[in-house]
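Have a look at target_11.txt; it's compact mmCIF, C-alpha atoms:
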```txt
# COMPACT_ATOMS: atom_id res chain seq x y z
CA MET W 1 101.07 100.96 97.37
CA ASP W 2 101.38 99.77 100.96
CA ALA W 3 102.95 96.29 101.30
CA PHE W 4 101.41 95.62 97.88
CA PHE W 5 101.74 91.84 97.41
CA ALA W 6 101.04 91.05 101.05
CA SER W 7 98.09 93.45 101.19
CA ILE W 8 96.49 91.75 98.18
CA GLU W 9 96.86 88.37 99.90
CA GLN W 10 95.28 89.73 103.08
CA ARG W 11 92.47 91.30 101.06
CA ASP W 12 91.70 88.11 99.15
CA PHE W 13 92.10 85.69 102.06
CA PRO W 14 90.40 86.95 105.24
CA HIS W 15 92.20 84.46 107.51
CA LEU W 16 95.46 86.35 106.79
CA ARG W 17 94.19 89.75 107.92
CA GLY W 18 95.92 91.21 110.94
CA LYS W 19 98.59 88.51 110.86
CA PRO W 20 102.26 88.58 109.90
CA VAL W 21 102.41 87.46 106.27
CA ALA W 22 105.34 86.88 103.92
CA VAL W 23 104.81 86.41 100.21
CA GLY W 24 107.31 83.94 98.79
CA GLY W 25 109.66 81.46 100.43
CA SER W 26 109.07 78.98 103.24
CA ARG W 27 110.42 78.20 106.69
CA GLU W 28 113.32 76.28 105.19
CA ARG W 29 114.40 78.27 102.14
CA GLY W 30 113.55 80.95 99.63
CA VAL W 31 113.37 84.72 99.68
CA VAL W 32 110.63 87.03 100.98
CA ALA W 33 109.12 88.95 98.06
CA ALA W 34 106.93 91.12 100.32
CA ALA W 35 106.04 91.37 104.00
CA SER W 36 102.89 92.66 105.66
CA TYR W 37 103.18 95.47 108.17
CA GLU W 38 102.44 92.99 110.95
CA ALA W 39 105.56 91.06 109.87
CA ARG W 40 107.65 94.21 109.47
CA LYS W 41 107.22 94.94 113.17
CA PHE W 42 109.46 91.92 113.77
CA GLY W 43 112.10 93.15 111.32
CA VAL W 44 110.98 91.08 108.34
CA ARG W 45 111.72 92.80 105.02
CA SER W 46 111.49 92.02 101.32
CA ALA W 47 114.55 90.30 99.81
CA MET W 48 115.29 88.72 103.21
CA PRO W 49 116.03 84.97 103.29
CA SER W 50 112.79 83.37 104.44
CA ALA W 51 114.61 81.19 106.99
CA LEU W 52 115.81 84.39 108.68
CA ALA W 53 112.29 85.84 108.49
CA TYR W 54 111.01 82.75 110.30
CA ARG W 55 113.63 83.14 113.02
CA LYS W 56 112.64 86.76 113.52
CA CYS W 57 108.93 85.94 113.52
CA PRO W 58 108.12 82.25 114.20
CA GLN W 59 104.38 82.89 113.78
CA ILE W 60 104.83 84.26 110.27
CA ILE W 61 102.60 82.81 107.52
CA PHE W 62 104.27 82.13 104.17
CA THR W 63 102.10 82.37 101.04
CA LYS W 64 102.90 81.63 97.42
CA SER W 65 103.34 84.52 95.02
CA ARG W 66 100.52 85.20 92.54
CA PHE W 67 102.19 87.60 90.13
CA ASN W 68 99.41 87.34 87.56
CA VAL W 69 97.04 88.76 90.20
CA TYR W 70 99.50 91.48 91.25
CA ARG W 71 99.97 92.54 87.62
CA GLU W 72 96.22 92.75 87.06
CA VAL W 73 95.72 94.88 90.18
CA SER W 74 98.63 97.09 89.10
CA PHE W 75 96.92 97.58 85.73
CA GLN W 76 93.68 98.59 87.50
CA ILE W 77 95.58 101.13 89.61
CA ARG W 78 97.23 102.66 86.55
CA LYS W 79 93.82 103.06 84.93
CA ILE W 80 92.95 105.31 87.88
CA PHE W 81 96.16 107.28 87.36
CA PHE W 82 95.31 107.82 83.69
CA GLU W 83 92.01 109.41 84.66
CA TYR W 84 94.10 112.36 85.86
CA THR W 85 97.21 112.46 83.66
CA ASP W 86 98.99 110.63 80.87
CA LEU W 87 102.36 111.52 82.42
CA VAL W 88 102.70 108.32 84.46
CA GLU W 89 106.13 106.74 84.92
CA PRO W 90 105.90 103.31 86.58
CA LEU W 91 108.84 102.33 88.78
CA SER W 92 107.47 98.86 89.50
CA LEU W 93 104.11 97.12 89.84
CA ASP W 94 103.34 99.07 93.00
CA GLU W 95 104.84 102.51 92.47
CA ALA W 96 104.81 105.33 89.93
CA TYR W 97 105.57 109.00 89.41
CA LEU W 98 102.73 111.23 88.18
CA ASP W 99 103.16 114.73 86.78
CA VAL W 100 99.85 116.52 87.43
CA THR W 101 101.02 120.07 86.64
CA GLU W 102 98.48 120.02 83.83
CA ASN W 103 95.86 117.34 84.46
CA LYS W 104 92.78 116.06 82.67
CA LYS W 105 90.35 117.27 85.32
CA GLY W 106 91.75 120.79 85.61
CA ILE W 107 92.31 120.44 89.36
CA SER W 108 94.69 123.13 90.57
CA SER W 109 95.82 121.28 93.69
CA ALA W 110 98.18 118.30 93.43
CA ILE W 111 97.30 117.51 97.05
CA GLN W 112 93.63 117.19 96.12
CA ILE W 113 94.50 114.88 93.23
CA ALA W 114 96.55 112.67 95.55
CA LYS W 115 93.63 112.48 97.97
CA GLU W 116 91.21 111.54 95.20
CA ILE W 117 93.49 108.85 93.77
CA ARG W 118 94.07 107.26 97.17
CA ALA W 119 90.33 107.28 97.89
CA LYS W 120 89.53 105.67 94.51
CA ILE W 121 92.10 102.93 95.04
CA ASN W 122 90.62 102.23 98.47
CA ASP W 123 87.00 102.30 97.27
CA THR W 124 87.44 100.22 94.12
CA LEU W 125 90.23 97.81 95.10
CA ASN W 126 90.04 97.76 98.91
CA LEU W 127 93.77 98.54 99.16
CA THR W 128 95.64 101.46 100.68
CA ALA W 129 98.21 103.68 99.02
CA SER W 130 100.58 106.32 100.33
CA ALA W 131 101.40 109.43 98.34
CA GLY W 132 104.09 112.08 98.35
CA VAL W 133 103.49 115.49 96.80
CA SER W 134 106.20 117.98 95.92
CA TYR W 135 107.73 119.98 93.09
CA ASN W 136 110.20 117.35 91.83
CA LYS W 137 110.62 113.57 91.66
CA PHE W 138 113.17 113.22 94.45
CA LEU W 139 111.12 115.15 97.01
CA ALA W 140 107.84 113.48 96.00
CA LYS W 141 109.42 110.04 96.40
CA THR W 142 110.95 110.99 99.74
CA ALA W 143 107.60 112.34 100.95
CA SER W 144 105.78 109.17 99.92
CA ASP W 145 107.75 107.14 102.47
CA ILE W 146 107.18 109.43 105.45
CA ASN W 147 103.69 108.44 106.60
CA LYS W 148 103.32 104.87 105.36
CA PRO W 149 101.03 103.03 105.47
CA ASP W 150 97.94 104.86 104.19
CA GLY W 151 99.57 108.28 104.39
CA LEU W 152 99.83 111.53 102.47
CA SER W 153 102.85 113.80 102.89
CA VAL W 154 103.55 117.14 101.24
CA ILE W 155 106.81 119.05 100.89
CA LEU W 156 106.16 122.61 99.72
CA PRO W 157 108.93 124.59 98.00
CA GLU W 158 109.39 126.87 101.00
CA GLU W 159 109.68 123.84 103.31
CA ALA W 160 112.23 121.86 101.31
CA THR W 161 115.43 123.40 102.67
CA ALA W 162 114.60 122.92 106.35
CA PHE W 163 113.15 119.46 105.70
CA LEU W 164 116.23 118.20 103.84
CA GLU W 165 118.69 119.63 106.35
CA GLN W 166 117.09 117.64 109.17
CA LEU W 167 116.47 114.43 107.17
CA PRO W 168 118.60 111.46 108.32
CA ILE W 169 120.96 110.49 105.55
CA GLU W 170 119.56 106.95 105.30
CA ARG W 171 116.13 108.43 104.47
CA PHE W 172 117.41 110.11 101.30
CA TYR W 173 116.02 108.25 98.28
CA GLY W 174 118.98 107.09 96.19
CA ILE W 175 121.29 106.62 99.19
CA GLY W 176 121.36 102.93 100.06
CA SER W 177 122.44 101.33 103.32
CA VAL W 178 126.06 100.78 102.22
CA THR W 179 126.48 104.38 101.06
CA ALA W 180 124.73 105.68 104.18
CA GLU W 181 127.21 103.81 106.39
CA LYS W 182 130.11 105.20 104.37
CA MET W 183 128.72 108.71 104.78
CA LYS W 184 128.33 108.28 108.52
CA LYS W 185 131.98 107.27 108.78
CA LEU W 186 132.76 110.57 107.04
CA GLY W 187 130.64 112.48 109.56
CA ILE W 188 127.55 112.83 107.37
CA TYR W 189 124.49 111.97 109.46
CA LYS W 190 121.87 114.39 108.21
CA GLY W 191 121.20 116.55 105.18
CA LYS W 192 122.82 119.57 106.82
CA ASP W 193 126.09 117.59 107.10
CA LEU W 194 125.92 116.52 103.45
CA LYS W 195 125.24 120.13 102.42
CA GLU W 196 128.58 121.24 103.85
CA TRP W 197 130.52 119.09 101.39
CA PRO W 198 131.66 120.77 98.15
CA ILE W 199 130.83 118.92 94.96
CA SER W 200 134.51 118.16 94.28
CA HIS W 201 134.85 116.27 97.58
CA LEU W 202 131.63 114.37 96.96
CA ASN W 203 132.87 113.34 93.53
CA ASP W 204 136.18 112.22 95.02
CA ASN W 205 134.43 110.00 97.57
CA PHE W 206 131.34 108.82 95.67
CA GLY W 207 132.22 109.10 91.99
CA LYS W 208 129.61 110.22 89.47
CA THR W 209 126.79 110.10 92.03
CA GLY W 210 128.50 112.81 94.07
CA LYS W 211 126.92 115.41 91.81
CA PHE W 212 123.50 113.84 92.37
CA TYR W 213 123.93 114.00 96.17
CA TYR W 214 125.08 117.63 95.93
CA HIS W 215 121.91 118.61 94.10
CA ILE W 216 119.26 116.58 95.95
CA VAL W 217 120.28 117.89 99.37
CA ARG W 218 119.54 121.32 97.94
CA GLY W 219 116.16 120.19 96.61
CA ILE W 220 117.32 120.24 92.99
CA ASP W 221 116.07 117.46 90.71
CA ASN W 222 115.26 118.40 87.10
CA ARG W 223 114.37 114.90 85.87
CA LYS W 224 111.09 114.79 83.98
CA VAL W 225 108.36 112.20 84.47
CA LYS W 226 108.84 109.86 81.51
CA PRO W 227 105.68 107.93 80.55
CA HIS W 228 107.54 105.40 78.40
CA ARG W 229 110.55 103.98 80.20
CA GLU W 230 112.83 102.00 77.92
CA ARG W 231 113.45 98.45 79.08
CA LYS W 232 117.15 97.88 79.73
CA SER W 233 117.29 94.09 80.01
CA ILE W 234 115.28 90.88 79.72
CA GLY W 235 116.00 87.98 82.04
CA ALA W 236 114.86 84.67 83.47
CA GLU W 237 116.02 82.72 86.48
CA ARG W 238 115.18 79.71 88.59
CA THR W 239 115.56 79.07 92.32
CA PHE W 240 115.97 75.44 93.30
CA SER W 241 114.35 73.70 96.27
CA LYS W 242 117.67 71.94 96.90
CA ASP W 243 121.17 73.23 96.15
CA ILE W 244 122.83 71.86 93.01
CA ALA W 245 126.49 70.85 92.98
CA ASN W 246 126.55 68.78 89.79
CA VAL W 247 127.74 70.82 86.79
CA GLU W 248 125.83 68.78 84.22
CA LYS W 249 122.59 69.34 86.15
CA MET W 250 123.40 73.05 86.22
CA LYS W 251 123.80 73.07 82.45
CA SER W 252 120.51 71.21 81.99
CA HIS W 253 118.67 73.74 84.15
CA LEU W 254 120.46 76.58 82.38
CA ILE W 255 119.07 75.36 79.05
CA ASN W 256 115.56 75.37 80.52
CA VAL W 257 116.04 78.93 81.78
CA ALA W 258 117.35 79.91 78.34
CA ASP W 259 114.15 78.53 76.76
CA ILE W 260 112.05 80.77 79.01
CA LEU W 261 114.29 83.76 78.31
CA TRP W 262 114.08 83.23 74.56
CA GLN W 263 110.27 83.21 74.70
CA ARG W 264 110.40 86.53 76.55
CA ILE W 265 112.83 87.98 74.00
CA ILE W 266 110.51 87.05 71.13
CA LYS W 267 107.41 88.26 72.97
CA GLY W 268 109.10 91.58 73.74
CA ASN W 269 110.28 91.96 70.13
CA LYS W 270 113.78 92.69 71.42
CA ARG W 271 117.31 91.54 70.88
CA GLY W 272 120.45 92.21 72.89
CA LYS W 273 124.21 92.36 72.51
CA THR W 274 125.20 91.59 76.12
CA LEU W 275 124.62 88.20 77.71
CA THR W 276 124.91 87.71 81.47
CA VAL W 277 124.78 84.52 83.54
CA LYS W 278 124.10 84.80 87.26
CA ILE W 279 124.51 82.20 89.96
CA LYS W 280 123.61 82.47 93.62
CA GLN W 281 125.24 80.19 96.17
CA HIS W 282 123.64 78.52 99.16
CA ASP W 283 124.85 81.41 101.35
CA PHE W 284 123.25 83.96 98.94
CA GLU W 285 126.59 85.15 97.59
CA THR W 286 126.01 86.11 93.96
CA HIS W 287 128.40 85.84 91.00
CA THR W 288 127.90 87.01 87.42
CA LYS W 289 129.80 86.72 84.16
CA SER W 290 128.95 88.77 81.08
CA LYS W 291 129.95 88.88 77.45
CA THR W 292 129.20 91.60 74.89
CA PHE W 293 129.12 90.92 71.15
CA LEU W 294 129.45 93.25 68.16
CA LYS W 295 126.19 91.80 66.80
CA SER W 296 122.93 91.18 68.63
CA ILE W 297 121.96 87.68 69.72
CA VAL W 298 119.23 86.48 67.34
CA SER W 299 119.57 82.70 67.75
CA LYS W 300 118.48 80.64 70.75
CA GLU W 301 121.14 78.06 69.97
CA PHE W 302 123.82 80.72 70.11
CA LEU W 303 122.39 82.08 73.37
CA VAL W 304 122.48 78.61 74.95
CA GLU W 305 126.02 77.90 73.73
CA GLU W 306 127.37 81.18 75.10
CA ALA W 307 125.43 80.91 78.35
CA ILE W 308 127.02 77.52 79.04
CA TYR W 309 130.42 79.03 78.25
CA LEU W 310 129.81 81.80 80.80
CA LEU W 311 128.59 79.28 83.37
CA GLU W 312 131.79 77.28 82.95
CA ALA W 313 133.81 80.50 83.36
CA LEU W 314 132.24 80.91 86.81
CA ASN W 315 133.95 77.68 87.94
CA PRO W 316 130.66 76.10 89.09
CA GLN W 317 132.19 72.75 90.06
CA SER W 318 133.41 74.36 93.28
CA LEU W 319 130.00 75.78 94.21
CA ASN W 320 126.62 74.74 95.57
CA ILE W 321 124.03 76.64 93.54
CA ARG W 322 120.57 77.71 94.73
CA LEU W 323 119.74 79.96 91.75
CA LEU W 324 120.63 80.22 88.07
CA GLY W 325 119.73 83.15 85.86
CA ILE W 326 120.36 84.50 82.36
CA SER W 327 119.70 87.98 81.00
CA VAL W 328 120.34 89.97 77.84
CA SER W 329 120.91 93.73 77.76
CA ASN W 330 122.04 96.41 75.29
CA LEU W 331 118.60 95.92 73.77
CA SER W 332 117.21 96.97 70.40
CA GLU W 333 114.12 96.12 68.35
CA ILE W 334 114.12 92.89 66.32
CA ASP W 335 114.55 93.53 62.60
CA GLU W 336 113.16 90.95 60.17
CA ASP W 337 116.34 91.30 58.12
CA ASP W 338 118.69 90.62 61.06
CA ASP W 339 121.70 88.51 60.18
CA ILE W 340 121.44 85.34 62.27
CA ASP W 341 125.15 84.55 61.86
CA ASN W 342 126.32 85.08 65.43
CA SER W 343 130.02 84.43 65.06
CA THR W 344 131.76 85.04 68.35
CA HIS W 345 132.97 88.58 67.80
CA GLN W 346 133.73 89.13 71.46
CA LEU W 347 133.94 92.76 72.56
CA GLU W 348 134.09 92.40 76.34
CA LEU W 349 134.31 89.65 78.92
CA TRP W 350 134.06 90.68 82.54
```
Could you render the structure as structure tokens?
Amino acid sequence: MDAFFASIEQRDFPHLRGKPVAVGGSRERGVVAAASYEARKFGVRSAMPSALAYRKCPQIIFTKSRFNVYREVSFQIRKIFFEYTDLVEPLSLDEAYLDVTENKKGISSAIQIAKEIRAKINDTLNLTASAGVSYNKFLAKTASDINKPDGLSVILPEEATAFLEQLPIERFYGIGSVTAEKMKKLGIYKGKDLKEWPISHLNDNFGKTGKFYYHIVRGIDNRKVKPHRERKSIGAERTFSKDIANVEKMKSHLINVADILWQRIIKGNKRGKTLTVKIKQHDFETHTKSKTFLKSIVSKEFLVEEAIYLLEALNPQSLNIRLLGISVSNLSEIDEDDDIDNSTHQLELW
């Protein structure tokens, strides 16, 4: 979807159309959750501090997030996907992989399916979507970003080699800005430069992902579209309107966040062995502390007790905090016969 959250706001509120819009944050503080294309022309991006967004674009309009609306629209979009295939792997509310090799309508052209889906989204929801079509996930994802907004791009098998050799390294999906800068320092500016590196040298410089880079620059990606992606963590966090420096206030807010997290754990019928506390300072520097237990956490009281312990381990008295968060990972299904005796069998602390 194109600028999904911001596009929904512009659709629902006509006075925002054609104007630079940021979802989330304010002039003074907060973080931009999404930016309209009018705002992006000024360099405003998602995850950017909203104060910086305002400096880049003083005429920007900040709107509150309406995630219940975004989720409902996302559900409506997926219903359209399922008209064509059950092999739908959501990446987020606004993006998904579809495998249409064998589809419900017997359409032989993936390009035609992409056209139909985009037209249905536009006709029924008055929103635009961009699509990428190719023979594997990496190339389809890469293609989807080429002609945004409201675009359709296709990379045929016989075109992949030439396309990837000329692609700037920062445009490779899976290569972030930090890695791209590291590659440029090593003389890797385009796919053809990356292709010259043997896999052993890539592994030496980039670890386990070196093998991934070696394959994608050659158009090789054998990952299947997985309709049911397993959730890896459950979390909750709170951003404060004013920074907090008092440790007791931090603990009080942490307990409130833990209450929200526990409700989500119960609702998701999950339990986890790893507990993580996250804090974000006034300058957006983030610190985390985690602890893994031999048994899963099945008591809210235990979760709160250990979360406070992890908060104290972060030395919060020396910090001004703008955000507190808690998450559990190493998830499994809740068993009615779970032992609720969470003695502190610590496995890792890092």
Checklist entry - Quick one: residues within 10 Å of Tyr135 of chain W, all atoms listed in the file counted, chain neighbours fewer than 6 positions away excluded, as a ChimeraX atom specification? => result /W:99,101,110,154-157,160,219-222
Checklist entry - Suppose you want the space between atom CA of Arg271 of chain W and atom CA of Leu314 of chain W; what is it in Å? => result 24.3 Å
Next on the checklist: Report, in Å to a single decimal, how far apart atom CA of Ile279 of chain W and atom CA of Lys295 of chain W are.
Outcome noted: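 Separating atom CA of Lys295 of chain W from atom CA of Ile279 of chain W is a distance of 25.1 Å.
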Per residue of segment 66-175 of chain W within 12 Å of segment 25-47 of chain W, note the shortest atom pair and the distance in Å to one decimal, counting all atoms listed in the file, and order the rows by chain and increasing residue number, as JSON lines.
```
{"residue": "W:Arg66", "atom": "CA", "partner": "W:Ala33", "partner_atom": "CA", "distance": 10.9}
{"residue": "W:Phe67", "atom": "CA", "partner": "W:Ala33", "partner_atom": "CA", "distance": 10.6}
{"residue": "W:Tyr70", "atom": "CA", "partner": "W:Ala34", "partner_atom": "CA", "distance": 11.7}
{"residue": "W:Asp94", "atom": "CA", "partner": "W:Ala34", "partner_atom": "CA", "distance": 11.4}
{"residue": "W:Lys148", "atom": "CA", "partner": "W:Tyr37", "partner_atom": "CA", "distance": 9.8}
{"residue": "W:Pro149", "atom": "CA", "partner": "W:Tyr37", "partner_atom": "CA", "distance": 8.3}
{"residue": "W:Asp150", "atom": "CA", "partner": "W:Tyr37", "partner_atom": "CA", "distance": 11.5}
```
Only C-alpha atoms, please: the residues just picked out, written as a compact mmCIF listing (two decimals), keeping the file's coordinate frame.
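Written output follows (selection-v5.txt):
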```
# COMPACT_ATOMS: atom_id res chain seq x y z
CA ARG W 66 100.52 85.20 92.54
CA PHE W 67 102.19 87.60 90.13
CA TYR W 70 99.50 91.48 91.25
CA ASP W 94 103.34 99.07 93.00
CA LYS W 148 103.32 104.87 105.36
CA PRO W 149 101.03 103.03 105.47
CA ASP W 150 97.94 104.86 104.19
```
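For the pair atom CA of Glu306 of chain W and atom CA of Lys278 of chain W, the separation is 13.1 Å.
Nearest to Ala114 of chain W of all the residues W:Ile216, W:Ala236, W:Leu16, W:Val133 is W:Val133, counting only C-alpha atoms.
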Checklist entry - Between W:Leu323, W:Ala162, W:Leu331, W:Met183, which one has atoms that come closest to Gly210 of chain W, using all atoms listed in the file? => result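 Between W:Leu323, W:Ala162, W:Leu331, W:Met183, the residue approaching Gly210 of chain W most closely is W:Met183.
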Just need the box for segment 6-23 of chain W, edges along x, y and z, holding every atom the file lists for it with 5 Å tacked onto each side, so centre and edge lengths in Å to one decimal, as JSON.
```
{"center_x": 97.9, "center_y": 89.0, "center_z": 104.6, "size_x": 24.9, "size_y": 19.0, "size_z": 22.8}
```
Item to check | Contacts of Tyr84 of chain W within 8 Å, only C-alpha atoms, excl. fewer than 3 positions in-chain, as a list in words | outcome: Ile80, Phe81, Val100, Asn103, Lys104, Lys105 and Ile113 of chain W
Checklist entry - With only C-alpha atoms as the atoms that count, which of W:Thr179, W:Phe284, W:Val298, W:Leu303 lies nearest to Met48 of chain W? => result W:Phe284
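Of the listed residues (W:Glu312, W:Glu116, W:Glu159, W:Glu181), W:Glu312 comes nearest to Glu248 of chain W; the distances count all atoms listed in the file.
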Would you fill out segment 294-308 of chain W with N, CA and C atoms and return it as a PDB file, in the frame of the given file?
```pdb
ATOM      1  N   LEU W 294     129.609  92.153  69.119  1.00  0.00           N
ATOM      2  CA  LEU W 294     129.450  93.250  68.160  1.00  0.00           C
ATOM      3  C   LEU W 294     128.082  93.194  67.492  1.00  0.00           C
ATOM      4  N   LYS W 295     127.517  91.989  67.371  1.00  0.00           N
ATOM      5  CA  LYS W 295     126.190  91.800  66.800  1.00  0.00           C
ATOM      6  C   LYS W 295     125.224  91.331  67.868  1.00  0.00           C
ATOM      7  N   SER W 296     123.951  91.614  67.676  1.00  0.00           N
ATOM      8  CA  SER W 296     122.930  91.180  68.630  1.00  0.00           C
ATOM      9  C   SER W 296     122.719  89.672  68.543  1.00  0.00           C
ATOM     10  N   ILE W 297     122.259  89.113  69.645  1.00  0.00           N
ATOM     11  CA  ILE W 297     121.960  87.680  69.720  1.00  0.00           C
ATOM     12  C   ILE W 297     120.583  87.447  69.109  1.00  0.00           C
ATOM     13  N   VAL W 298     120.516  86.728  68.003  1.00  0.00           N
ATOM     14  CA  VAL W 298     119.230  86.480  67.340  1.00  0.00           C
ATOM     15  C   VAL W 298     119.004  84.988  67.117  1.00  0.00           C
ATOM     16  N   SER W 299     119.726  84.153  67.849  1.00  0.00           N
ATOM     17  CA  SER W 299     119.570  82.700  67.750  1.00  0.00           C
ATOM     18  C   SER W 299     119.557  82.106  69.142  1.00  0.00           C
ATOM     19  N   LYS W 300     118.541  81.286  69.435  1.00  0.00           N
ATOM     20  CA  LYS W 300     118.480  80.640  70.750  1.00  0.00           C
ATOM     21  C   LYS W 300     119.640  79.683  70.932  1.00  0.00           C
ATOM     22  N   GLU W 301     120.030  79.003  69.874  1.00  0.00           N
ATOM     23  CA  GLU W 301     121.140  78.060  69.970  1.00  0.00           C
ATOM     24  C   GLU W 301     122.426  78.773  70.375  1.00  0.00           C
ATOM     25  N   PHE W 302     122.635  79.929  69.765  1.00  0.00           N
ATOM     26  CA  PHE W 302     123.820  80.720  70.110  1.00  0.00           C
ATOM     27  C   PHE W 302     123.748  81.186  71.556  1.00  0.00           C
ATOM     28  N   LEU W 303     122.575  81.625  71.986  1.00  0.00           N
ATOM     29  CA  LEU W 303     122.390  82.080  73.370  1.00  0.00           C
ATOM     30  C   LEU W 303     122.726  80.960  74.343  1.00  0.00           C
ATOM     31  N   VAL W 304     122.222  79.749  74.064  1.00  0.00           N
ATOM     32  CA  VAL W 304     122.480  78.610  74.950  1.00  0.00           C
ATOM     33  C   VAL W 304     123.965  78.284  74.996  1.00  0.00           C
ATOM     34  N   GLU W 305     124.588  78.231  73.812  1.00  0.00           N
ATOM     35  CA  GLU W 305     126.020  77.900  73.730  1.00  0.00           C
ATOM     36  C   GLU W 305     126.859  78.877  74.541  1.00  0.00           C
ATOM     37  N   GLU W 306     126.586  80.171  74.396  1.00  0.00           N
ATOM     38  CA  GLU W 306     127.370  81.180  75.100  1.00  0.00           C
ATOM     39  C   GLU W 306     127.040  81.224  76.588  1.00  0.00           C
ATOM     40  N   ALA W 307     125.799  80.941  76.936  1.00  0.00           N
ATOM     41  CA  ALA W 307     125.430  80.910  78.350  1.00  0.00           C
ATOM     42  C   ALA W 307     126.163  79.786  79.079  1.00  0.00           C
ATOM     43  N   ILE W 308     126.272  78.633  78.439  1.00  0.00           N
ATOM     44  CA  ILE W 308     127.020  77.520  79.040  1.00  0.00           C
ATOM     45  C   ILE W 308     128.495  77.889  79.181  1.00  0.00           C
TER      46      ILE W 308
END
```
